[in-house]
>>> print(open('upload.cif').read())   # mmCIF, C-alpha atoms (C1' of nucleotides)
data_target
loop_
_atom_site.group_PDB
_atom_site.id
_atom_site.type_symbol
_atom_site.label_atom_id
_atom_site.label_comp_id
_atom_site.auth_asym_id
_atom_site.auth_seq_id
_atom_site.Cartn_x
_atom_site.Cartn_y
_atom_site.Cartn_z
ATOM 1 C CA MET M 11 0.000 0.000 0.000
ATOM 2 C CA ASP M 12 1.075 3.520 -0.666
ATOM 3 C CA LYS M 13 2.700 5.165 2.328
ATOM 4 C CA ARG M 14 0.693 8.378 2.299
ATOM 5 C CA LYS M 15 -2.579 6.518 1.989
ATOM 6 C CA LYS M 16 -1.619 4.287 4.856
ATOM 7 C CA GLU M 17 -0.899 7.219 7.065
ATOM 8 C CA LYS M 18 -4.174 8.814 6.202
ATOM 9 C CA LEU M 19 -5.993 5.641 7.069
ATOM 10 C CA ALA M 20 -4.094 5.349 10.313
ATOM 11 C CA LYS M 21 -5.260 8.793 11.273
ATOM 12 C CA LYS M 22 -8.905 7.856 10.804
ATOM 13 C CA SER M 23 -8.799 4.589 12.699
ATOM 14 C CA TRP M 24 -7.086 6.541 15.399
ATOM 15 C CA LYS M 25 -10.183 8.432 16.316
ATOM 16 C CA VAL M 26 -12.438 5.447 15.995
ATOM 17 C CA GLY M 27 -10.678 2.693 17.794
ATOM 18 C CA SER M 28 -7.118 3.776 18.418
ATOM 19 C CA VAL M 29 -5.762 0.892 16.381
ATOM 20 C CA VAL M 30 -2.249 1.389 15.145
ATOM 21 C CA GLU M 31 -0.841 -2.096 14.884
ATOM 22 C CA PHE M 32 -3.605 -2.914 12.460
ATOM 23 C CA LEU M 33 -1.529 -1.388 9.704
ATOM 24 C CA ASP M 34 2.090 -2.398 9.705
ATOM 25 C CA LEU M 35 3.500 0.854 10.981
ATOM 26 C CA SER M 36 6.975 0.601 12.383
ATOM 27 C CA ALA M 37 7.790 2.075 15.750
ATOM 28 C CA GLU M 38 9.460 5.079 14.130
ATOM 29 C CA GLU M 39 6.604 5.684 11.786
ATOM 30 C CA SER M 40 3.993 5.729 14.485
ATOM 31 C CA ALA M 41 6.139 7.798 16.815
ATOM 32 C CA TYR M 42 6.560 10.304 14.040
ATOM 33 C CA ILE M 43 2.830 10.381 13.322
ATOM 34 C CA GLU M 44 1.993 10.681 16.984
ATOM 35 C CA MET M 45 4.288 13.672 17.277
ATOM 36 C CA ARG M 46 2.636 15.400 14.364
ATOM 37 C CA LEU M 47 -0.787 14.773 15.810
ATOM 38 C CA ALA M 48 0.240 16.031 19.240
ATOM 39 C CA LEU M 49 1.749 19.186 17.777
ATOM 40 C CA GLY M 50 -1.356 19.757 15.700
ATOM 41 C CA GLU M 51 -3.571 19.479 18.728
ATOM 42 C CA LYS M 52 -1.379 21.871 20.621
ATOM 43 C CA LEU M 53 -1.652 24.341 17.774
ATOM 44 C CA ARG M 54 -5.434 24.176 17.869
ATOM 45 C CA GLU M 55 -5.425 24.555 21.619
ATOM 46 C CA ARG M 56 -3.272 27.664 21.424
ATOM 47 C CA ARG M 57 -5.286 29.144 18.621
ATOM 48 C CA LEU M 58 -8.564 28.649 20.427
ATOM 49 C CA ARG M 59 -7.145 29.993 23.641
ATOM 50 C CA ARG M 60 -6.402 33.191 21.784
ATOM 51 C CA LYS M 61 -9.822 33.087 20.156
ATOM 52 C CA LEU M 62 -8.426 33.206 16.661
ATOM 53 C CA THR M 63 -9.929 31.737 13.531
ATOM 54 C CA GLN M 64 -7.773 29.554 11.327
ATOM 55 C CA ALA M 65 -7.676 32.360 8.795
ATOM 56 C CA GLU M 66 -6.472 34.845 11.396
ATOM 57 C CA LEU M 67 -3.799 32.515 12.652
ATOM 58 C CA ALA M 68 -2.761 31.815 9.083
ATOM 59 C CA LYS M 69 -2.181 35.489 8.502
ATOM 60 C CA ALA M 70 -0.150 35.801 11.685
ATOM 61 C CA ILE M 71 2.192 32.991 10.724
ATOM 62 C CA GLU M 72 2.189 33.865 7.025
ATOM 63 C CA SER M 73 0.453 30.733 5.899
ATOM 64 C CA SER M 74 -3.018 29.894 4.637
ATOM 65 C CA GLN M 75 -6.260 28.795 6.252
ATOM 66 C CA SER M 76 -6.139 25.448 4.506
ATOM 67 C CA ARG M 77 -2.658 24.748 5.769
ATOM 68 C CA VAL M 78 -3.654 25.585 9.319
ATOM 69 C CA ALA M 79 -6.584 23.196 9.005
ATOM 70 C CA LYS M 80 -4.235 20.512 7.749
ATOM 71 C CA MET M 81 -1.763 21.149 10.536
ATOM 72 C CA GLU M 82 -4.476 20.770 13.141
ATOM 73 C CA ALA M 83 -5.794 17.658 11.430
ATOM 74 C CA GLY M 84 -2.415 15.966 11.344
ATOM 75 C CA ASP M 85 -2.468 15.799 7.578
ATOM 76 C CA PRO M 86 0.435 13.758 6.157
ATOM 77 C CA THR M 87 1.479 16.565 3.856
ATOM 78 C CA VAL M 88 2.401 18.732 6.835
ATOM 79 C CA SER M 89 5.951 18.646 8.103
ATOM 80 C CA ILE M 90 6.977 18.790 11.718
ATOM 81 C CA ASP M 91 9.083 21.723 10.697
ATOM 82 C CA LEU M 92 6.058 23.822 9.885
ATOM 83 C CA LEU M 93 4.278 22.816 13.058
ATOM 84 C CA VAL M 94 7.260 23.699 15.191
ATOM 85 C CA LYS M 95 7.753 27.024 13.472
ATOM 86 C CA SER M 96 4.077 27.860 13.847
ATOM 87 C CA LEU M 97 4.022 27.010 17.512
ATOM 88 C CA LEU M 98 7.172 28.998 18.146
ATOM 89 C CA ALA M 99 5.586 31.918 16.296
ATOM 90 C CA LEU M 100 2.668 31.625 18.683
ATOM 91 C CA GLY M 101 5.035 32.099 21.574
ATOM 92 C CA VAL M 102 5.210 28.504 22.699
ATOM 93 C CA SER M 103 8.472 27.786 24.489
ATOM 94 C CA LYS M 104 10.882 24.989 23.687
ATOM 95 C CA LYS M 105 10.022 23.503 27.033
ATOM 96 C CA GLU M 106 6.353 23.334 26.223
ATOM 97 C CA LEU M 107 7.126 21.947 22.801
ATOM 98 C CA ALA M 108 9.090 19.217 24.496
ATOM 99 C CA ARG M 109 6.239 18.502 26.866
ATOM 100 C CA THR M 110 3.894 18.260 23.912
ATOM 101 C CA ILE M 111 5.769 15.630 21.983
ATOM 102 C CA SER M 112 6.899 13.357 24.774
ATOM 103 C CA MET I 992 21.043 40.212 4.624
ATOM 104 C CA ASP I 993 19.915 36.936 3.201
ATOM 105 C CA LYS I 994 18.287 34.690 5.741
ATOM 106 C CA ARG I 995 20.215 31.540 4.974
ATOM 107 C CA LYS I 996 23.524 33.366 5.079
ATOM 108 C CA LYS I 997 22.603 34.895 8.371
ATOM 109 C CA GLU I 998 21.847 31.524 9.845
ATOM 110 C CA LYS I 999 25.101 30.152 8.628
ATOM 111 C CA LEU I 1000 26.939 33.030 10.193
ATOM 112 C CA ALA I 1001 25.041 32.562 13.417
ATOM 113 C CA LYS I 1002 26.220 29.002 13.543
ATOM 114 C CA LYS I 1003 29.856 30.027 13.273
ATOM 115 C CA SER I 1004 29.764 32.772 15.846
ATOM 116 C CA TRP I 1005 28.081 30.236 18.033
ATOM 117 C CA LYS I 1006 31.190 28.192 18.489
ATOM 118 C CA VAL I 1007 33.440 31.185 18.844
ATOM 119 C CA GLY I 1008 31.627 33.425 21.225
ATOM 120 C CA SER I 1009 28.049 32.227 21.596
ATOM 121 C CA VAL I 1010 26.693 35.520 20.367
ATOM 122 C CA VAL I 1011 23.143 35.384 19.074
ATOM 123 C CA GLU I 1012 21.792 38.849 19.654
ATOM 124 C CA PHE I 1013 24.562 40.183 17.468
ATOM 125 C CA LEU I 1014 22.489 39.336 14.427
ATOM 126 C CA ASP I 1015 18.849 40.338 14.652
ATOM 127 C CA LEU I 1016 17.436 36.895 15.141
ATOM 128 C CA SER I 1017 13.947 36.815 16.566
ATOM 129 C CA ALA I 1018 13.135 34.613 19.519
ATOM 130 C CA GLU I 1019 11.464 32.078 17.261
ATOM 131 C CA GLU I 1020 14.331 32.026 14.850
ATOM 132 C CA SER I 1021 16.931 31.354 17.472
ATOM 133 C CA ALA I 1022 14.767 28.805 19.251
ATOM 134 C CA TYR I 1023 14.360 26.995 15.968
ATOM 135 C CA ILE I 1024 18.075 27.076 15.268
ATOM 136 C CA GLU I 1025 18.920 25.944 18.772
ATOM 137 C CA MET I 1026 16.624 22.989 18.366
ATOM 138 C CA ARG I 1027 18.268 21.954 15.143
ATOM 139 C CA LEU I 1028 21.698 22.223 16.689
ATOM 140 C CA ALA I 1029 20.642 20.240 19.740
ATOM 141 C CA LEU I 1030 19.151 17.492 17.607
ATOM 142 C CA GLY I 1031 22.261 17.401 15.469
ATOM 143 C CA GLU I 1032 24.469 17.006 18.494
ATOM 144 C CA LYS I 1033 22.276 14.246 19.803
ATOM 145 C CA LEU I 1034 22.565 12.484 16.479
ATOM 146 C CA ARG I 1035 26.336 12.617 16.625
ATOM 147 C CA GLU I 1036 26.327 11.414 20.194
ATOM 148 C CA ARG I 1037 24.182 8.439 19.307
ATOM 149 C CA ARG I 1038 26.206 7.637 16.246
ATOM 150 C CA LEU I 1039 29.472 7.685 18.145
ATOM 151 C CA ARG I 1040 28.039 5.657 20.966
ATOM 152 C CA ARG I 1041 27.315 2.966 18.421
ATOM 153 C CA LYS I 1042 30.742 3.431 16.893
ATOM 154 C CA LEU I 1043 29.378 4.107 13.445
ATOM 155 C CA THR I 1044 30.904 6.235 10.721
ATOM 156 C CA GLN I 1045 28.765 8.852 9.046
ATOM 157 C CA ALA I 1046 28.672 6.662 5.960
ATOM 158 C CA GLU I 1047 27.446 3.676 7.942
ATOM 159 C CA LEU I 1048 24.768 5.669 9.675
ATOM 160 C CA ALA I 1049 23.740 7.129 6.345
ATOM 161 C CA LYS I 1050 23.161 3.684 4.966
ATOM 162 C CA ALA I 1051 21.110 2.676 7.988
ATOM 163 C CA ILE I 1052 18.770 5.627 7.680
ATOM 164 C CA GLU I 1053 18.781 5.609 3.875
ATOM 165 C CA SER I 1054 20.547 8.902 3.467
ATOM 166 C CA SER I 1055 24.019 9.972 2.455
ATOM 167 C CA GLN I 1056 27.265 10.714 4.267
ATOM 168 C CA SER I 1057 27.106 14.357 3.304
ATOM 169 C CA ARG I 1058 23.610 14.737 4.666
ATOM 170 C CA VAL I 1059 24.603 13.147 7.945
ATOM 171 C CA ALA I 1060 27.506 15.561 8.191
ATOM 172 C CA LYS I 1061 25.162 18.444 7.528
ATOM 173 C CA MET I 1062 22.706 17.219 10.111
ATOM 174 C CA GLU I 1063 25.400 17.009 12.728
ATOM 175 C CA ALA I 1064 26.705 20.423 11.755
ATOM 176 C CA GLY I 1065 23.317 22.093 12.049
ATOM 177 C CA ASP I 1066 23.373 23.087 8.408
ATOM 178 C CA PRO I 1067 20.469 25.376 7.440
ATOM 179 C CA THR I 1068 19.458 23.119 4.576
ATOM 180 C CA VAL I 1069 18.531 20.359 7.006
ATOM 181 C CA SER I 1070 14.980 20.163 8.264
ATOM 182 C CA ILE I 1071 13.949 19.219 11.760
ATOM 183 C CA ASP I 1072 11.865 16.560 10.124
ATOM 184 C CA LEU I 1073 14.907 14.715 8.866
ATOM 185 C CA LEU I 1074 16.661 15.011 12.196
ATOM 186 C CA VAL I 1075 13.663 13.652 14.064
ATOM 187 C CA LYS I 1076 13.205 10.803 11.628
ATOM 188 C CA SER I 1077 16.876 9.911 11.843
ATOM 189 C CA LEU I 1078 16.903 9.920 15.609
ATOM 190 C CA LEU I 1079 13.761 7.828 15.770
ATOM 191 C CA ALA I 1080 15.365 5.405 13.332
ATOM 192 C CA LEU I 1081 18.292 5.162 15.738
ATOM 193 C CA GLY I 1082 15.895 4.072 18.433
ATOM 194 C CA VAL I 1083 15.692 7.321 20.333
ATOM 195 C CA SER I 1084 12.420 7.618 22.201
ATOM 196 C CA LYS I 1085 10.017 10.533 22.037
ATOM 197 C CA LYS I 1086 10.842 11.219 25.635
ATOM 198 C CA GLU I 1087 14.530 11.567 24.896
ATOM 199 C CA LEU I 1088 13.776 13.691 21.863
ATOM 200 C CA ALA I 1089 11.793 15.955 24.124
ATOM 201 C CA ARG I 1090 14.637 16.127 26.609
ATOM 202 C CA THR I 1091 16.977 17.021 23.792
ATOM 203 C CA ILE I 1092 15.119 20.016 22.492
ATOM 204 C CA SER I 1093 13.992 21.599 25.712
ATOM 205 C "C1'" DG N 495 55.585 12.317 2.184
ATOM 206 C "C1'" DT N 496 51.940 9.140 1.045
ATOM 207 C "C1'" DT N 497 48.332 6.193 2.050
ATOM 208 C "C1'" DT N 498 44.163 5.352 4.365
ATOM 209 C "C1'" DA N 499 39.919 6.394 6.719
ATOM 210 C "C1'" DC N 500 36.704 9.599 8.015
ATOM 211 C "C1'" DA N 501 34.410 14.069 7.974
ATOM 212 C "C1'" DA N 502 33.234 18.618 5.815
ATOM 213 C "C1'" DT N 503 31.526 21.338 2.014
ATOM 214 C "C1'" DG N 504 29.586 22.461 -2.563
ATOM 215 C "C1'" DT N 505 26.511 21.455 -6.425
ATOM 216 C "C1'" DC N 506 22.563 19.610 -8.693
ATOM 217 C "C1'" DA N 507 18.405 16.913 -10.504
ATOM 218 C "C1'" DT N 508 14.558 14.892 -8.330
ATOM 219 C "C1'" DT N 509 11.236 14.729 -4.767
ATOM 220 C "C1'" DC N 510 8.392 16.719 -1.336
ATOM 221 C "C1'" DC N 511 6.259 20.619 1.084
ATOM 222 C "C1'" DT N 512 4.249 25.027 0.664
ATOM 223 C "C1'" DG N 513 0.847 28.880 0.076
ATOM 224 C "C1'" DA N 514 -2.826 29.984 -2.706
ATOM 225 C "C1'" DC N 515 -7.042 29.029 -4.503
ATOM 226 C "C1'" DA N 516 -11.437 26.611 -5.265
ATOM 227 C "C1'" DT N 517 -14.944 24.253 -3.320
ATOM 228 C "C1'" DA N 518 -17.413 21.523 0.055
ATOM 229 C "C1'" DT N 519 -19.310 20.914 4.553
ATOM 230 C "C1'" DA N 520 -20.755 22.249 9.009
ATOM 231 C "C1'" DA N 521 -22.574 25.471 12.439
ATOM 232 C "C1'" DT N 522 -25.001 29.636 13.847
ATOM 233 C "C1'" DG N 523 -28.462 33.003 13.829
ATOM 234 C "C1'" DG N 524 -31.875 35.720 11.209
ATOM 235 C "C1'" DC W 337 -35.370 28.346 4.652
ATOM 236 C "C1'" DC W 338 -30.764 30.988 3.486
ATOM 237 C "C1'" DA W 339 -26.944 33.994 4.566
ATOM 238 C "C1'" DT W 340 -22.849 34.169 7.040
ATOM 239 C "C1'" DT W 341 -18.883 32.520 9.158
ATOM 240 C "C1'" DA W 342 -15.666 28.920 10.192
ATOM 241 C "C1'" DT W 343 -13.523 24.755 8.990
ATOM 242 C "C1'" DA W 344 -12.333 20.747 5.951
ATOM 243 C "C1'" DT W 345 -10.566 18.878 1.717
ATOM 244 C "C1'" DG W 346 -8.593 18.710 -3.032
ATOM 245 C "C1'" DT W 347 -5.440 20.484 -6.457
ATOM 246 C "C1'" DC W 348 -1.362 22.601 -8.220
ATOM 247 C "C1'" DA W 349 2.655 25.747 -9.602
ATOM 248 C "C1'" DG W 350 6.667 27.201 -7.305
ATOM 249 C "C1'" DG W 351 10.160 26.776 -3.918
ATOM 250 C "C1'" DA W 352 12.678 24.223 -0.441
ATOM 251 C "C1'" DA W 353 14.848 19.827 1.176
ATOM 252 C "C1'" DT W 354 16.705 15.515 -0.295
ATOM 253 C "C1'" DG W 355 20.182 11.873 -1.786
ATOM 254 C "C1'" DA W 356 23.881 11.380 -4.717
ATOM 255 C "C1'" DC W 357 28.157 12.673 -6.202
ATOM 256 C "C1'" DA W 358 32.568 15.191 -6.414
ATOM 257 C "C1'" DT W 359 35.937 17.429 -4.040
ATOM 258 C "C1'" DT W 360 38.487 19.036 -0.263
ATOM 259 C "C1'" DG W 361 40.102 18.928 4.653
ATOM 260 C "C1'" DT W 362 42.070 16.443 8.535
ATOM 261 C "C1'" DA W 363 44.370 13.264 11.220
ATOM 262 C "C1'" DA W 364 46.654 9.079 12.134
ATOM 263 C "C1'" DA W 365 49.799 5.375 10.836
ATOM 264 C "C1'" DC W 366 53.395 3.580 8.562
#
>>> encode(input="upload.cif", output="structure tokens")
Amino acid sequence: MDKRKKEKLAKKSWKVGSVVEFLDLSAEESAYIEMRLALGEKLRERRLRRKLTQAELAKAIESSQSRVAKMEAGDPTVSIDLLVKSLLALGVSKKELARTIS
Amino acid sequence: MDKRKKEKLAKKSWKVGSVVEFLDLSAEESAYIEMRLALGEKLRERRLRRKLTQAELAKAIESSQSRVAKMEAGDPTVSIDLLVKSLLALGVSKKELARTIS
DNA sequence: GTTTACAATGTCATTCCTGACATATAATGG
DNA sequence: CCATTATATGTCAGGAATGACATTGTAAAC
């Protein structure tokens, strides 16, 4: 199966039944995906705390509404790089970043 | 000044005098750079602990010797994504990753 | 000095991520 | 109902990161 597709599927089954071993994801792969999801959730949390819309946040970090939505959704096309940069731009400290991913 | 150049310069002055405010790096920018450097150092540490050459490590993570060198050197062309993936491939846990960046 | 092994640095074609845009799908209130 | 506002999802041209390769630097050993 294609790798991107697999990831996307993994994300769905996540919410439903939290099944990861169902698909043959290696330990690294799932750790990586988990990190992206955790960072995405943190981004949403921070955005909502500031009562910003995705479009407003997008403007602040010089991105687009769709990309913010994808970041928060843990979309496979989003890099950890972008998530980290966005969170840092929102004033999140390295320490909190660390707490988020561990 | 060009952003990439600036980063490269920042890296040098790092080793010499640890001056960051000298160049007008924002808090996010320097936090991001610090993270990349920290992850790069951790990669080297892990590699040496296993007594691997850069070339050997490169093969293990399906990359190249030059890219490993750049990762360890904190080169601006290296993404945090690649560093994280490489460390995970080396068996580093999310918890240790977190400890590394904070 | 030269040979050997490893690491650093530069360049480049290919691959992957990005912002932008279009459009769809809620959710809310009139 | 239907606007309006927010979010989700798909697509794509352009730019950034990647592995590969070549070359250079460095240090040890002989």
>>> atom_distance(input="upload.cif", atom1="CA of Asp91 (chain M)", atom2="CA of Ile1052 (chain I)")
19.0 Å
>>> closest_atom_pairs(input="upload.cif", of="chain M", to="chain W", cutoff="10 Å", atoms="only C-alpha atoms (C1' of nucleotides)", output="JSON lines")
{"residue": "M:Thr63", "atom": "CA", "partner": "W:DA342", "partner_atom": "C1'", "distance": 7.2}
{"residue": "M:Gln64", "atom": "CA", "partner": "W:DT343", "partner_atom": "C1'", "distance": 7.8}
{"residue": "M:Ala65", "atom": "CA", "partner": "W:DA342", "partner_atom": "C1'", "distance": 8.8}
{"residue": "M:Gln75", "atom": "CA", "partner": "W:DT343", "partner_atom": "C1'", "distance": 8.8}
{"residue": "M:Ser76", "atom": "CA", "partner": "W:DA344", "partner_atom": "C1'", "distance": 7.9}
{"residue": "M:Val78", "atom": "CA", "partner": "W:DT343", "partner_atom": "C1'", "distance": 9.9}
{"residue": "M:Ala79", "atom": "CA", "partner": "W:DA344", "partner_atom": "C1'", "distance": 7.0}
{"residue": "M:Lys80", "atom": "CA", "partner": "W:DA344", "partner_atom": "C1'", "distance": 8.3}
{"residue": "M:Ala83", "atom": "CA", "partner": "W:DA344", "partner_atom": "C1'", "distance": 9.1}
>>> interface_residues(input="upload.cif", of="chain N", to="chain M", cutoff="10 Å", atoms="all atoms listed in the file", output="PyMOL selection string")
chain N and resi 510-515
>>> residues_around(input="upload.cif", residues="region 1077-1081 of chain I", least_positions_apart="5", cutoff="8 Å", atoms="all atoms listed in the file", output="list in words")
Glu38, Ala41 and Tyr42 of chain M; Leu1034, Arg1037, Ile1052 and Leu1088 of chain I
>>> write_last_selection(input="upload.cif", atoms="C-alpha atoms", output="PDB file, in the frame of the given file")
ATOM      1  CA  GLU M  38       9.460   5.079  14.130  1.00  0.00           C
ATOM      2  CA  ALA M  41       6.139   7.798  16.815  1.00  0.00           C
ATOM      3  CA  TYR M  42       6.560  10.304  14.040  1.00  0.00           C
TER       4      TYR M  42
ATOM      5  CA  LEU I1034      22.565  12.484  16.479  1.00  0.00           C
ATOM      6  CA  ARG I1037      24.182   8.439  19.307  1.00  0.00           C
ATOM      7  CA  ILE I1052      18.770   5.627   7.680  1.00  0.00           C
ATOM      8  CA  LEU I1088      13.776  13.691  21.863  1.00  0.00           C
TER       9      LEU I1088
END
>>> atom_distance(input="upload.cif", atom1="CA of Met45 (chain M)", atom2="CA of Ile111 (chain M)")
5.3 Å
>>> calpha_fit_and_write(input="upload.cif", fixed="chain I", moving="chain M", output="tab-separated table (two decimals) with C-alpha atoms, in the coordinates of the input")
chain	number	residue	atom	x	y	z
M	11	MET	CA	20.97	40.16	4.59
M	12	ASP	CA	19.89	36.88	3.15
M	13	LYS	CA	18.26	34.61	5.69
M	14	ARG	CA	20.27	31.48	4.95
M	15	LYS	CA	23.54	33.36	5.07
M	16	LYS	CA	22.58	34.90	8.36
M	17	GLU	CA	21.85	31.55	9.86
M	18	LYS	CA	25.13	30.18	8.67
M	19	LEU	CA	26.95	33.08	10.23
M	20	ALA	CA	25.04	32.64	13.45
M	21	LYS	CA	26.20	29.07	13.62
M	22	LYS	CA	29.85	30.08	13.38
M	23	SER	CA	29.74	32.84	15.96
M	24	TRP	CA	28.02	30.34	18.15
M	25	LYS	CA	31.11	28.29	18.62
M	26	VAL	CA	33.37	31.27	18.98
M	27	GLY	CA	31.61	33.55	21.35
M	28	SER	CA	28.05	32.36	21.71
M	29	VAL	CA	26.70	35.62	20.37
M	30	VAL	CA	23.19	35.42	19.04
M	31	GLU	CA	21.78	38.87	19.56
M	32	PHE	CA	24.55	40.21	17.39
M	33	LEU	CA	22.48	39.34	14.36
M	34	ASP	CA	18.86	40.33	14.58
M	35	LEU	CA	17.45	36.88	15.09
M	36	SER	CA	13.97	36.81	16.51
M	37	ALA	CA	13.14	34.62	19.46
M	38	GLU	CA	11.48	32.06	17.20
M	39	GLU	CA	14.34	31.99	14.79
M	40	SER	CA	16.94	31.34	17.41
M	41	ALA	CA	14.79	28.80	19.22
M	42	TYR	CA	14.38	26.98	15.95
M	43	ILE	CA	18.11	27.07	15.24
M	44	GLU	CA	18.94	25.95	18.75
M	45	MET	CA	16.64	22.97	18.36
M	46	ARG	CA	18.30	21.94	15.13
M	47	LEU	CA	21.72	22.23	16.69
M	48	ALA	CA	20.68	20.23	19.75
M	49	LEU	CA	19.18	17.49	17.62
M	50	GLY	CA	22.29	17.39	15.47
M	51	GLU	CA	24.50	16.98	18.49
M	52	LYS	CA	22.30	14.23	19.79
M	53	LEU	CA	22.58	12.46	16.47
M	54	ARG	CA	26.36	12.60	16.60
M	55	GLU	CA	26.34	11.39	20.17
M	56	ARG	CA	24.19	8.40	19.28
M	57	ARG	CA	26.21	7.59	16.22
M	58	LEU	CA	29.48	7.66	18.10
M	59	ARG	CA	28.06	5.63	20.93
M	60	ARG	CA	27.32	2.93	18.40
M	61	LYS	CA	30.74	3.40	16.85
M	62	LEU	CA	29.35	4.06	13.41
M	63	THR	CA	30.86	6.20	10.69
M	64	GLN	CA	28.71	8.82	9.03
M	65	ALA	CA	28.62	6.65	5.93
M	66	GLU	CA	27.41	3.65	7.91
M	67	LEU	CA	24.73	5.64	9.65
M	68	ALA	CA	23.70	7.12	6.33
M	69	LYS	CA	23.12	3.67	4.94
M	70	ALA	CA	21.09	2.65	7.96
M	71	ILE	CA	18.75	5.61	7.65
M	72	GLU	CA	18.76	5.59	3.85
M	73	SER	CA	20.50	8.89	3.46
M	74	SER	CA	23.97	9.99	2.42
M	75	GLN	CA	27.21	10.69	4.25
M	76	SER	CA	27.09	14.35	3.30
M	77	ARG	CA	23.61	14.75	4.68
M	78	VAL	CA	24.60	13.14	7.95
M	79	ALA	CA	27.53	15.54	8.19
M	80	LYS	CA	25.18	18.43	7.56
M	81	MET	CA	22.70	17.19	10.13
M	82	GLU	CA	25.41	16.98	12.76
M	83	ALA	CA	26.73	20.39	11.79
M	84	GLY	CA	23.36	22.06	12.08
M	85	ASP	CA	23.42	23.07	8.44
M	86	PRO	CA	20.52	25.38	7.51
M	87	THR	CA	19.48	23.16	4.64
M	88	VAL	CA	18.55	20.38	7.05
M	89	SER	CA	15.00	20.18	8.30
M	90	ILE	CA	13.96	19.23	11.79
M	91	ASP	CA	11.86	16.60	10.13
M	92	LEU	CA	14.88	14.74	8.88
M	93	LEU	CA	16.66	15.01	12.20
M	94	VAL	CA	13.67	13.67	14.07
M	95	LYS	CA	13.18	10.81	11.65
M	96	SER	CA	16.86	9.91	11.84
M	97	LEU	CA	16.90	9.92	15.60
M	98	LEU	CA	13.75	7.84	15.77
M	99	ALA	CA	15.34	5.41	13.31
M	100	LEU	CA	18.25	5.16	15.71
M	101	GLY	CA	15.88	4.05	18.42
M	102	VAL	CA	15.70	7.31	20.32
M	103	SER	CA	12.44	7.61	22.22
M	104	LYS	CA	10.03	10.51	22.06
M	105	LYS	CA	10.88	11.21	25.65
M	106	GLU	CA	14.55	11.56	24.91
M	107	LEU	CA	13.79	13.67	21.88
M	108	ALA	CA	11.82	15.96	24.14
M	109	ARG	CA	14.67	16.12	26.62
M	110	THR	CA	17.02	17.02	23.80
M	111	ILE	CA	15.15	20.01	22.50
M	112	SER	CA	14.01	21.60	25.73
>>> atom_distance(input="upload.cif", atom1="CA of Leu1000 (chain I)", atom2="CA of Glu1063 (chain I)")
16.3 Å
>>> closest_residue(input="upload.cif", among="I:Met1062, I:Ala1029, I:Ala1049, I:Ala1089", to="chain M", atoms="all atoms listed in the file")
I:Ala1089
>>> closest_residue(input="upload.cif", among="M:Arg46, M:Lys21, M:Lys69, M:Lys52", to="chain I", atoms="all atoms listed in the file")
M:Arg46
>>> closest_residue(input="upload.cif", among="M:Asp85, M:Glu66, M:Glu51, M:Glu39", to="chain I", atoms="only C-alpha atoms")
M:Glu39
